[in-house]
Amino acid sequence: MQTLLITGGAGFIGSNFISYLLKSEKNIKVVNLDLLTYAGNPKNLEDVENDPNYIFYKGDICDRLLLEKLFKKYNFTGVIHFAAESHVDNSIQNPDAFVKTNVFGTFTVLDVAKNFWMSAPNSYKKGFKNARFHHISTDEVYGSLSDKGLFSEKTPYAPNSPYSASKASSDFMVRSYYHTYGLNVVTTNCSNNYGPRQHEEKLIPTIIRKALSGKNIPIYGDGKNIRDWLYVLDHCKGIQLVFKEGQAGETYNIGGQNEYNNLYIANKVCEILDTLQPMKSSFKAQIQFVSDRPGHDYRYAIDAAKIKRELGWKASENFESGILKTIHWYLKKYN
Ligand code: NAD
């Protein structure tokens, strides 16, 4: 049985991934290391907490001694690294935590894994020949697009927010461990995820929550900023595929080819809520424009041709089907 270290598994994507992995593979044990910051929620893991192949540790990825202890105890042969400060708005208010966790934290996990698995550059210790470090990153490292073009794996990095700059730094650190030490690393850069278990301050949960509570639905600026939306389970399937079959040292972009601006998303969610839970007037009347986020990137869009071509990944959900599942999940949560 293979034992994996998953960091940040109490957050949105990590918890969806752990549930999916433990359901889809029987020969894997998961140790989830999560600091349970405001973004982590143990409730996200209720469906696996009694699974004998699931173990939880509350702790910081910057804590080298803890990581060394865990590697020694469980002999991990894989790391899937989700833990991060992930909210752009918070990175504008408090960049320190982003540099600490995303840059220094990633470095610490990477370095402990390298020391545990390798005896010298390009030389793996016995039993760890296939040990792999999978770094979860974002399309935001590529900066902002105009109306045309897509981010490919070859797009030069141009991060614009403290969040994306810290993720870009962590991507470079991971890259350097491949080139310098020959550590078996893969990186995935994904577009905006949506789906169950997302923190309530993110766009789609905010729209649903504010709509249902009769409050204004805040939309930044003119609502024209475009994101490429991917249902979280499709991201999880892509991660599993890259972790198992991706080529060492490579990066893979994952995205859903679902480009929509924020105003479209707000209107769409309101339309669905109007049919599922009709009120006297449409929820759309609650949409209100608010001051834009400083440095707000205009458009992100992913070219996912590489992961499709090389690994056969394909999204199972389109935006119509994914958003319906998502809204049903939040209705159950909020009602
Ligand atoms: P999230 O904020 O929901 O979860 C992050 C988790 O990391 C939380 O459970 C938190 O408690 C934990 N954490 C934070 N600091 C920690 C520390 N120092 N030590 C241990 N645990 C710590 O984030 P998410 O949306 O699930 O994103 C997961 C990863 O995917 C991140 O690396 C993010 O950059 C990346 N990503 C997210 C998206 C998206 O749309 N959400 C898109 C592409 C990539």
# chains A, B, ... in the order shown; residues from 1 in each chain; ligands from 1

$ residues_near_ligand --ligand "ligand 1" --cutoff "7 Å" --atoms "only C-alpha atoms and all ligand atoms" --output "number ranges by chain"
A: 7-14, 33-41, 59-62, 82-87, 101, 105, 136-139, 167, 189-194, 198-199

$ select_by_dssp --residues "segment 149-279 of chain A" --states "strand (DSSP E or B)" --output "MDAnalysis selection string"
chainID A and resid 151 185:190 192:194 217:220 226:231 251:254 259:261

$ write_last_selection --atoms "N, CA and C atoms" --output "compact mmCIF listing (two decimals), in the first residue's frame"
# COMPACT_ATOMS: atom_id res chain seq x y z
N PHE A 151 -3.56 30.75 -21.99
CA PHE A 151 -2.31 30.41 -21.29
C PHE A 151 -1.93 28.98 -21.65
N VAL A 185 9.31 15.67 -9.80
CA VAL A 185 8.23 16.62 -9.51
C VAL A 185 7.31 16.75 -10.73
N VAL A 186 6.06 17.05 -10.47
CA VAL A 186 5.13 17.50 -11.51
C VAL A 186 4.35 18.69 -10.93
N THR A 187 3.95 19.59 -11.81
CA THR A 187 3.17 20.75 -11.38
C THR A 187 1.93 20.85 -12.26
N THR A 188 0.78 21.14 -11.63
CA THR A 188 -0.41 21.43 -12.42
C THR A 188 -0.87 22.86 -12.13
N ASN A 189 -1.20 23.58 -13.21
CA ASN A 189 -1.69 24.96 -13.08
C ASN A 189 -3.13 24.98 -13.57
N CYS A 190 -4.02 25.21 -12.63
CA CYS A 190 -5.44 25.08 -12.97
C CYS A 190 -6.15 26.44 -12.95
N ASN A 192 -9.90 28.71 -12.46
CA ASN A 192 -10.82 28.86 -11.32
C ASN A 192 -11.69 27.63 -11.12
N ASN A 193 -11.67 27.08 -9.91
CA ASN A 193 -12.51 25.94 -9.58
C ASN A 193 -13.82 26.42 -8.96
N TYR A 194 -14.86 25.63 -9.12
CA TYR A 194 -16.10 25.86 -8.39
C TYR A 194 -16.69 24.51 -8.05
N ILE A 217 -25.80 41.39 -3.70
CA ILE A 217 -24.79 40.46 -4.23
C ILE A 217 -23.68 41.32 -4.82
N PRO A 218 -22.50 41.38 -4.14
CA PRO A 218 -21.47 42.34 -4.58
C PRO A 218 -20.69 41.81 -5.79
N ILE A 219 -20.59 42.63 -6.82
CA ILE A 219 -19.79 42.27 -8.01
C ILE A 219 -18.77 43.39 -8.23
N TYR A 220 -17.50 42.97 -8.32
CA TYR A 220 -16.42 43.95 -8.47
C TYR A 220 -16.51 44.73 -9.79
N ILE A 226 -13.06 38.19 -16.71
CA ILE A 226 -13.40 36.84 -17.20
C ILE A 226 -12.50 35.78 -16.55
N ARG A 227 -13.12 34.68 -16.13
CA ARG A 227 -12.37 33.53 -15.61
C ARG A 227 -12.81 32.29 -16.37
N ASP A 228 -11.94 31.27 -16.32
CA ASP A 228 -12.20 30.01 -17.02
C ASP A 228 -12.58 29.00 -15.93
N TRP A 229 -13.86 28.63 -15.86
CA TRP A 229 -14.36 27.89 -14.70
C TRP A 229 -14.30 26.38 -14.90
N LEU A 230 -13.80 25.69 -13.88
CA LEU A 230 -13.71 24.22 -13.95
C LEU A 230 -14.35 23.62 -12.70
N TYR A 231 -15.19 22.60 -12.92
CA TYR A 231 -15.83 21.91 -11.79
C TYR A 231 -14.74 21.17 -11.00
N THR A 251 5.03 20.46 -16.48
CA THR A 251 3.85 21.11 -15.92
C THR A 251 2.68 20.88 -16.88
N TYR A 252 1.48 20.82 -16.32
CA TYR A 252 0.27 20.58 -17.10
C TYR A 252 -0.78 21.62 -16.72
N ASN A 253 -1.29 22.31 -17.70
CA ASN A 253 -2.40 23.25 -17.44
C ASN A 253 -3.72 22.48 -17.46
N ILE A 254 -4.59 22.83 -16.52
CA ILE A 254 -5.91 22.19 -16.47
C ILE A 254 -6.97 23.29 -16.50
N GLU A 259 -15.32 30.02 -20.33
CA GLU A 259 -14.98 31.41 -20.01
C GLU A 259 -16.23 32.24 -19.81
N TYR A 260 -16.37 32.78 -18.61
CA TYR A 260 -17.52 33.63 -18.32
C TYR A 260 -17.08 34.81 -17.47
N ASN A 261 -17.74 35.96 -17.67
CA ASN A 261 -17.41 37.07 -16.79
C ASN A 261 -18.24 36.98 -15.51

$ residues_around --residues "Trp313 of chain A" --least-positions-apart "5" --cutoff "10 Å" --atoms "only C-alpha atoms" --output "PyMOL selection string"
chain A and resi 234-235+237-239+241-242+254+304-308

$ residues_around --residues "segment 16-22 of chain A" --least-positions-apart "5" --cutoff "7 Å" --atoms "only C-alpha atoms" --output "PyMOL selection string"
chain A and resi 9+48+233+236

$ select_by_dssp --residues "segment 60-270 of chain A" --states "helix (DSSP H, G or I)" --output "MDAnalysis selection string"
chainID A and resid 64:74 88:93 95:117 139:142 162:181 203:212 232:245 262:270

$ closest_residue --among "A:Thr106, A:Gln277, A:Asn335, A:Asn267" --to "Met173 of chain A" --atoms "only C-alpha atoms"
A:Thr106
